[in-house]
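Engineer: Structure supplied as data18.csv; contents: CSV, C-alpha atoms and all ligand atoms.
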```
chain,number,residue,atom,x,y,z
A,186,MET,CA,-8.9,-9.5,-3.8
A,187,LYS,CA,-9.0,-6.1,-2.1
A,188,ILE,CA,-8.7,-2.5,-3.2
A,189,PHE,CA,-7.0,0.3,-1.2
A,190,LEU,CA,-6.8,4.0,-2.0
A,191,ASP,CA,-3.3,5.6,-2.3
A,192,THR,CA,-4.0,9.1,-1.0
A,193,ALA,CA,-3.8,11.4,2.0
A,194,ILE,CA,-6.8,13.6,0.9
A,195,VAL,CA,-9.5,12.7,3.4
A,196,THR,CA,-12.4,14.2,1.4
A,197,ASP,CA,-11.4,12.0,-1.5
A,198,ILE,CA,-11.6,9.0,0.7
A,199,GLU,CA,-14.9,10.1,2.3
A,200,ASP,CA,-16.4,10.6,-1.1
A,201,ARG,CA,-15.7,7.0,-2.2
A,202,MET,CA,-16.3,5.2,1.1
A,203,PRO,CA,-20.1,4.8,0.3
A,204,THR,CA,-19.1,2.3,-2.5
A,205,GLY,CA,-18.4,-0.1,0.4
A,206,ILE,CA,-15.5,-1.7,-1.4
A,207,ILE,CA,-12.5,0.3,0.0
A,208,LYS,CA,-10.7,-1.9,2.5
A,209,GLY,CA,-7.7,0.3,3.2
A,210,VAL,CA,-5.6,3.4,2.5
A,211,THR,CA,-1.9,3.8,1.9
A,212,THR,CA,0.0,7.0,2.6
A,213,ASN,CA,3.6,8.2,2.2
A,214,PRO,CA,5.5,11.4,3.1
A,215,THR,CA,5.0,12.8,-0.5
A,216,LEU,CA,1.2,12.3,-0.3
A,217,ILE,CA,1.0,13.8,3.2
A,218,ARG,CA,3.0,16.8,2.0
A,219,ARG,CA,0.7,17.3,-1.0
A,220,SER,CA,-2.3,17.3,1.4
A,221,GLY,CA,-0.9,20.3,3.2
A,222,GLU,CA,-1.9,18.8,6.5
A,223,ASP,CA,-0.1,17.7,9.6
A,224,PRO,CA,0.5,13.9,9.3
A,225,ASP,CA,-1.1,13.0,12.6
A,226,VAL,CA,-4.2,15.0,11.8
A,227,VAL,CA,-4.4,13.2,8.4
A,228,TYR,CA,-4.1,9.7,10.0
A,229,GLU,CA,-6.7,10.6,12.7
A,230,GLU,CA,-9.2,11.8,10.0
A,231,ILE,CA,-8.6,8.8,7.8
A,232,ILE,CA,-9.3,6.4,10.7
A,233,ASN,CA,-12.4,8.5,11.6
A,234,ALA,CA,-13.6,8.1,8.0
A,235,GLY,CA,-14.0,4.4,8.7
A,236,ILE,CA,-10.7,3.0,7.3
A,237,THR,CA,-9.6,-0.1,9.2
A,238,ASP,CA,-6.2,-0.6,7.5
A,239,LEU,CA,-4.1,2.5,7.2
A,240,SER,CA,-0.4,2.3,6.1
A,241,ILE,CA,1.6,4.8,8.0
A,242,GLU,CA,5.2,5.4,6.9
A,243,VAL,CA,7.5,5.7,9.9
A,244,LYS,CA,10.8,7.7,10.0
A,245,GLY,CA,14.1,6.5,11.3
A,246,ASP,CA,17.7,5.9,10.2
A,247,ASP,CA,18.0,2.7,12.3
A,248,ALA,CA,15.8,-0.3,13.1
A,249,GLU,CA,15.4,0.8,16.7
A,250,THR,CA,13.9,4.1,15.8
A,251,LEU,CA,11.6,2.6,13.1
A,252,VAL,CA,10.4,0.0,15.7
A,253,ALA,CA,9.8,2.7,18.4
A,254,ASN,CA,7.8,4.8,15.9
A,255,GLY,CA,5.8,1.8,14.8
A,256,ILE,CA,4.9,0.9,18.3
A,257,LEU,CA,3.7,4.4,18.9
A,258,TYR,CA,1.3,4.3,16.0
A,259,ASN,CA,0.2,0.8,17.0
A,260,SER,CA,-0.6,1.9,20.5
A,261,LYS,CA,-2.6,4.8,19.2
A,262,TYR,CA,-4.6,3.0,16.4
A,263,GLY,CA,-4.1,-0.7,17.2
A,264,ASP,CA,-4.6,-3.1,14.3
A,265,LYS,CA,-5.9,-0.3,12.1
A,266,ALA,CA,-2.3,1.0,11.7
A,267,THR,CA,-0.1,-0.9,9.3
A,268,ILE,CA,3.5,0.2,9.8
A,269,LYS,CA,5.1,1.1,6.5
A,270,LEU,CA,8.8,0.5,6.4
A,271,PRO,CA,11.4,0.8,3.6
A,272,CYS,CA,12.9,-2.3,2.1
A,273,THR,CA,16.4,-1.7,3.5
A,274,VAL,CA,18.5,-3.8,6.0
A,275,GLU,CA,17.3,-1.6,8.8
A,276,GLY,CA,13.7,-1.8,7.6
A,277,ILE,CA,13.9,-5.6,7.4
A,278,LYS,CA,15.3,-5.7,11.0
A,279,ALA,CA,12.4,-3.5,12.1
A,280,CYS,CA,9.9,-5.7,10.2
A,281,LYS,CA,11.1,-8.8,12.0
A,282,THR,CA,10.8,-7.1,15.4
A,283,LEU,CA,7.3,-5.7,14.7
A,284,SER,CA,6.1,-9.1,13.3
A,285,ILE,CA,7.2,-10.8,16.5
A,286,LEU,CA,5.1,-8.2,18.4
A,287,LYS,CA,2.2,-9.0,16.0
A,288,ILE,CA,2.2,-5.5,14.6
A,289,LYS,CA,1.2,-5.3,10.9
A,290,THR,CA,3.8,-4.1,8.4
A,291,ASN,CA,3.9,-2.9,4.8
A,292,MET,CA,7.4,-3.2,3.2
A,293,THR,CA,7.6,-0.5,0.6
A,294,LEU,CA,9.8,0.4,-2.3
A,295,ILE,CA,10.1,-3.2,-3.5
A,296,PHE,CA,11.7,-3.6,-7.0
A,297,SER,CA,12.9,-7.2,-7.0
A,298,VAL,CA,11.8,-10.7,-6.1
A,299,SER,CA,14.7,-11.1,-3.8
A,300,GLN,CA,13.6,-8.0,-1.8
A,301,ALA,CA,10.1,-9.5,-1.5
A,302,ILE,CA,11.6,-12.8,-0.3
A,303,LEU,CA,13.6,-11.2,2.5
A,304,CYS,CA,10.6,-9.1,3.6
A,305,ALA,CA,8.4,-12.2,3.7
A,306,LEU,CA,11.0,-14.1,5.7
A,307,ALA,CA,11.0,-11.2,8.2
A,308,GLY,CA,7.2,-11.8,8.6
A,309,ALA,CA,5.9,-8.8,6.6
A,310,THR,CA,2.1,-8.5,6.3
A,311,TYR,CA,2.4,-6.9,2.9
A,312,VAL,CA,5.1,-6.3,0.3
A,313,SER,CA,4.6,-3.3,-2.0
A,314,PRO,CA,6.2,-3.7,-5.4
A,315,PHE,CA,6.1,-0.4,-7.4
A,316,VAL,CA,4.8,-1.2,-10.8
A,317,GLY,CA,4.8,2.2,-12.5
A,318,ARG,CA,8.3,3.2,-11.4
A,319,LEU,CA,9.7,-0.1,-12.9
A,320,ASP,CA,7.8,0.5,-16.1
A,321,GLN,CA,9.1,4.0,-16.2
A,322,ILE,CA,12.7,2.8,-16.4
A,323,GLY,CA,11.8,0.2,-19.1
A,324,GLU,CA,11.4,-2.8,-16.8
A,325,ASP,CA,8.3,-5.0,-16.3
A,326,GLY,CA,6.4,-4.0,-13.2
A,327,ILE,CA,3.6,-6.5,-13.8
A,328,GLY,CA,6.1,-9.2,-14.5
A,329,LEU,CA,7.6,-8.6,-11.1
A,330,ILE,CA,4.1,-9.0,-9.5
A,331,SER,CA,3.8,-12.3,-11.3
A,332,GLN,CA,7.2,-13.6,-10.2
A,333,ILE,CA,6.6,-12.7,-6.6
A,334,ALA,CA,3.1,-14.3,-6.7
A,335,THR,CA,4.6,-17.5,-8.1
A,336,THR,CA,7.4,-17.6,-5.6
A,337,PHE,CA,5.0,-16.9,-2.6
A,338,CYS,CA,2.6,-19.6,-3.9
A,339,ILE,CA,5.3,-22.3,-4.3
A,340,HIS,CA,6.4,-21.7,-0.7
A,341,ASP,CA,2.9,-21.2,0.7
A,342,CYS,CA,3.9,-17.8,2.0
A,343,LYS,CA,1.4,-15.8,4.1
A,344,THR,CA,2.8,-12.3,3.1
A,345,GLN,CA,0.4,-10.5,0.8
A,346,ILE,CA,1.3,-8.7,-2.4
A,347,LEU,CA,0.1,-5.1,-2.3
A,348,ALA,CA,0.7,-3.7,-5.8
A,349,ALA,CA,1.6,0.0,-5.7
A,350,SER,CA,2.6,2.8,-8.1
A,351,LEU,CA,-0.3,1.8,-10.3
A,352,ARG,CA,-1.0,4.6,-12.7
A,353,SER,CA,-3.9,3.3,-14.8
A,354,ALA,CA,-7.0,1.2,-14.5
A,355,GLN,CA,-5.5,-1.3,-16.9
A,356,SER,CA,-2.3,-1.7,-14.8
A,357,ALA,CA,-4.5,-2.3,-11.7
A,358,ALA,CA,-6.4,-5.0,-13.6
A,359,ASP,CA,-3.1,-6.5,-14.8
A,360,ALA,CA,-1.7,-6.5,-11.3
A,361,TYR,CA,-4.7,-8.5,-10.0
A,362,GLU,CA,-4.4,-11.0,-12.9
A,363,ALA,CA,-0.6,-11.4,-12.1
A,364,GLY,CA,-1.5,-12.4,-8.5
A,365,ALA,CA,-1.6,-9.2,-6.4
A,366,HIS,CA,-3.8,-9.7,-3.4
A,367,ILE,CA,-4.4,-5.9,-3.1
A,368,CYS,CA,-4.0,-3.0,-5.4
A,369,THR,CA,-3.5,0.5,-3.9
A,370,VAL,CA,-4.6,3.1,-6.4
A,371,PRO,CA,-4.8,6.9,-6.7
A,372,VAL,CA,-8.4,8.1,-6.6
A,373,GLU,CA,-8.2,9.0,-10.3
A,374,VAL,CA,-7.4,5.4,-11.1
A,375,PHE,CA,-10.2,4.2,-8.8
A,376,ASP,CA,-12.7,6.4,-10.7
A,377,ASP,CA,-11.4,5.2,-14.1
A,378,MET,CA,-11.8,1.6,-13.1
A,379,SER,CA,-15.6,2.0,-13.0
A,380,THR,CA,-16.0,3.7,-16.4
A,381,HIS,CA,-15.8,2.6,-20.0
A,382,VAL,CA,-16.5,4.6,-23.1
A,383,LEU,CA,-19.0,2.0,-24.3
A,384,THR,CA,-20.9,2.1,-21.0
A,385,ASP,CA,-21.3,5.9,-21.5
A,386,LYS,CA,-22.4,5.3,-25.1
A,387,GLY,CA,-24.8,2.5,-24.1
A,388,LEU,CA,-26.4,4.8,-21.5
A,389,ALA,CA,-26.7,7.7,-24.1
A,390,GLN,CA,-28.5,5.3,-26.5
B,1,LIG,O1,2.0,3.6,-3.0
B,1,LIG,C1,3.2,4.1,-3.6
B,1,LIG,C2,2.8,5.1,-4.6
B,1,LIG,O2,2.3,6.3,-4.0
B,1,LIG,C3,3.9,5.6,-5.5
B,1,LIG,O3,3.4,5.9,-6.7
B,1,LIG,O4,3.2,7.0,-8.9
B,1,LIG,O5,4.8,7.9,-7.1
B,1,LIG,O6,5.3,5.8,-8.3
B,1,LIG,P1,4.2,6.7,-7.8
```
Show me, as structure tokens, the structure contained in the file I just sent.
Ligand code: G3P
Structural biologist:
Amino acid sequence: MKIFLDTAIVTDIEDRMPTGIIKGVTTNPTLIRRSGEDPDVVYEEIINAGITDLSIEVKGDDAETLVANGILYNSKYGDKATIKLPCTVEGIKACKTLSILKIKTNMTLIFSVSQAILCALAGATYVSPFVGRLDQIGEDGIGLISQIATTFCIHDCKTQILAASLRSAQSAADAYEAGAHICTVPVEVFDDMSTHVLTDKGLAQ
């Protein structure tokens, strides 16, 4: 069981690193844009903050470009870079190639068990099912984690489930219970996970 932070704000990562429990960071183009920084500067700073597993989303309309960009980040950061790819046909092709090259991959935007299966068959290190976005359209995000976990367990699959789009402390706890190996959470959710109203009340007493 591991926890990652889902952010591109380096100071937010640095502030929470002393807990000693953060094992990785996931980023995406939206988070990078919100940080207002150049992507390559952000990646460098996150690695310098001591993160040893950083998901870096690569751009490209075809598998060849995705692979080439993935190789670039791998040559720069080695095993600390996990190449984040979309769950599309081109993304799956790129995942297969990178897995043959022993480069770590995080297949993102997973919304079904069948997508997770294909990514696992392509040798993905992680699959990232988006819990919150499924819940938002009236589907069952935690149910999806559970279905993927059962399927991977039956087939003794090495691909790990990295639950993403987690918007509350409870949904992170539920994702672990459903079988997620890793939860990536925004810093607000990370902070909420350590607090409880009765803990505060107990301290006050
Ligand atoms: O890791 C993916 C995550 O950043 C997406 O979260 O809340 O935009 O669905 P959200």
Engineer: With distances taken over only C-alpha atoms, which residue among A:Gly235, A:Lys289, A:Pro314, A:Val274 lies nearest Asn259 of chain A?
Structural biologist: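 Using only C-alpha atoms, Asn259 of chain A sits closest to A:Lys289.
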Engineer: Could you give me, as a list in words, every polymer residue with an atom at most 6 Å away from an atom of ligand LIG 1 (chain B), counting only C-alpha atoms and all ligand atoms?
Structural biologist: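 Taking only C-alpha atoms and all ligand atoms into account, the residues around ligand LIG 1 (chain B) at most 6 Å away are Asp191, Gly317, Arg318, Ala349 and Ser350 of chain A.
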Engineer: Taking into account only C-alpha atoms, which residue in the set A:Thr344, A:Ser353, A:Thr273, A:Asn254 is nearest to Leu294 of chain A?
Structural biologist: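 Among A:Thr344, A:Ser353, A:Thr273, A:Asn254, it is A:Thr273 that comes nearest to Leu294 of chain A.
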Engineer: Rounded to one decimal place, report the atom CA of Ile207 of chain A-atom CA of Ile241 of chain A distance in Å.
Structural biologist: 16.8 Å
Engineer: Please indicate the distance in Å from atom CA of Cys368 of chain A to atom CA of Asp341 of chain A, rounded to one decimal place.
Structural biologist: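 It comes out at 20.4 Å.
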Engineer: Between A:Ser331, A:Gln355, A:Ser240, A:Thr250, single out the one closest to Lys208 of chain A, counting only C-alpha atoms.
Structural biologist: A:Ser240
Engineer: Report, in Å with one decimal, the straight-line distance from atom CA of Lys269 of chain A to atom CA of Pro214 of chain A.
Structural biologist: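 Computing the Euclidean distance for atom CA of Lys269 of chain A and atom CA of Pro214 of chain A yields 10.9 Å.
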Engineer: Excluding Phe375 of chain A and any residue of its chain fewer than 4 positions from it, enumerate the residues within 9 Å of it, using all atoms listed in the file, and give them as a list in words.
Structural biologist: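 Within the cut-off, the hits are Ile188, Leu190, Ser353, Ala354, Val370, Pro371 and Ser379 of chain A.
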Engineer: Got a sec to check which residues sit within 7 Å of (-0.1, -5.1, -5.8), counting all atoms listed in the file, and write them as a count of residues only?
Structural biologist: 13
Engineer: So that I can see what lies close to segment 282-287 of chain A, please list as a PyMOL selection string the residues with an atom at most 7 Å from it, counting all atoms listed in the file and leaving out residues fewer than 4 positions away in the same chain.
Structural biologist: chain A and resi 252+278+308-309
Engineer: Rank A:Thr192, A:Cys304, A:Thr237, A:Val382 by their smallest atom-to-atom distance to Arg218 of chain A, using all atoms listed in the file, and report the top residue only.
Structural biologist: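 Closest candidate: A:Thr192.
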Engineer: Given all atoms listed in the file as the basis, pick out the residue of A:Ser299, A:Cys338, A:Asn213, A:Gln321 nearest to Leu270 of chain A.
Structural biologist: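 Closest to Leu270 of chain A, using all atoms listed in the file: A:Asn213.
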Engineer: Can you pull out every residue within 9 Å of Gln300 of chain A, counting all atoms listed in the file, but drop anything in the same chain fewer than 5 positions away, and send it as a PyMOL selection string?
Structural biologist: chain A and resi 272-273+295+305+312
Engineer: Would you please work out which residue, of A:Ser220, A:Thr196, A:Thr211, A:Thr293, is nearest to Ala266 of chain A when using only C-alpha atoms?
Structural biologist: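 Ranked by minimum distance to Ala266 of chain A, first place goes to A:Thr211.
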Engineer: Compile the contact shell of Asp320 of chain A as a list in words: residues with an atom at most 12 Å away, counting all atoms listed in the file, same-chain residues fewer than 2 positions apart removed.
Structural biologist: Phe296, Pro314, Phe315, Val316, Gly317, Arg318, Ile322, Gly323, Glu324, Asp325, Gly326, Ile327, Gly328, Leu329, Ser350, Leu351, Arg352 and Ser356 of chain A
Engineer: Counting only C-alpha atoms, what is within 9 Å of segment 223-229 of chain A, bar same-chain residues fewer than 5 positions away, as a PyMOL selection string?
Structural biologist: chain A and resi 193-195+212+214+217-218+234+239+241+262
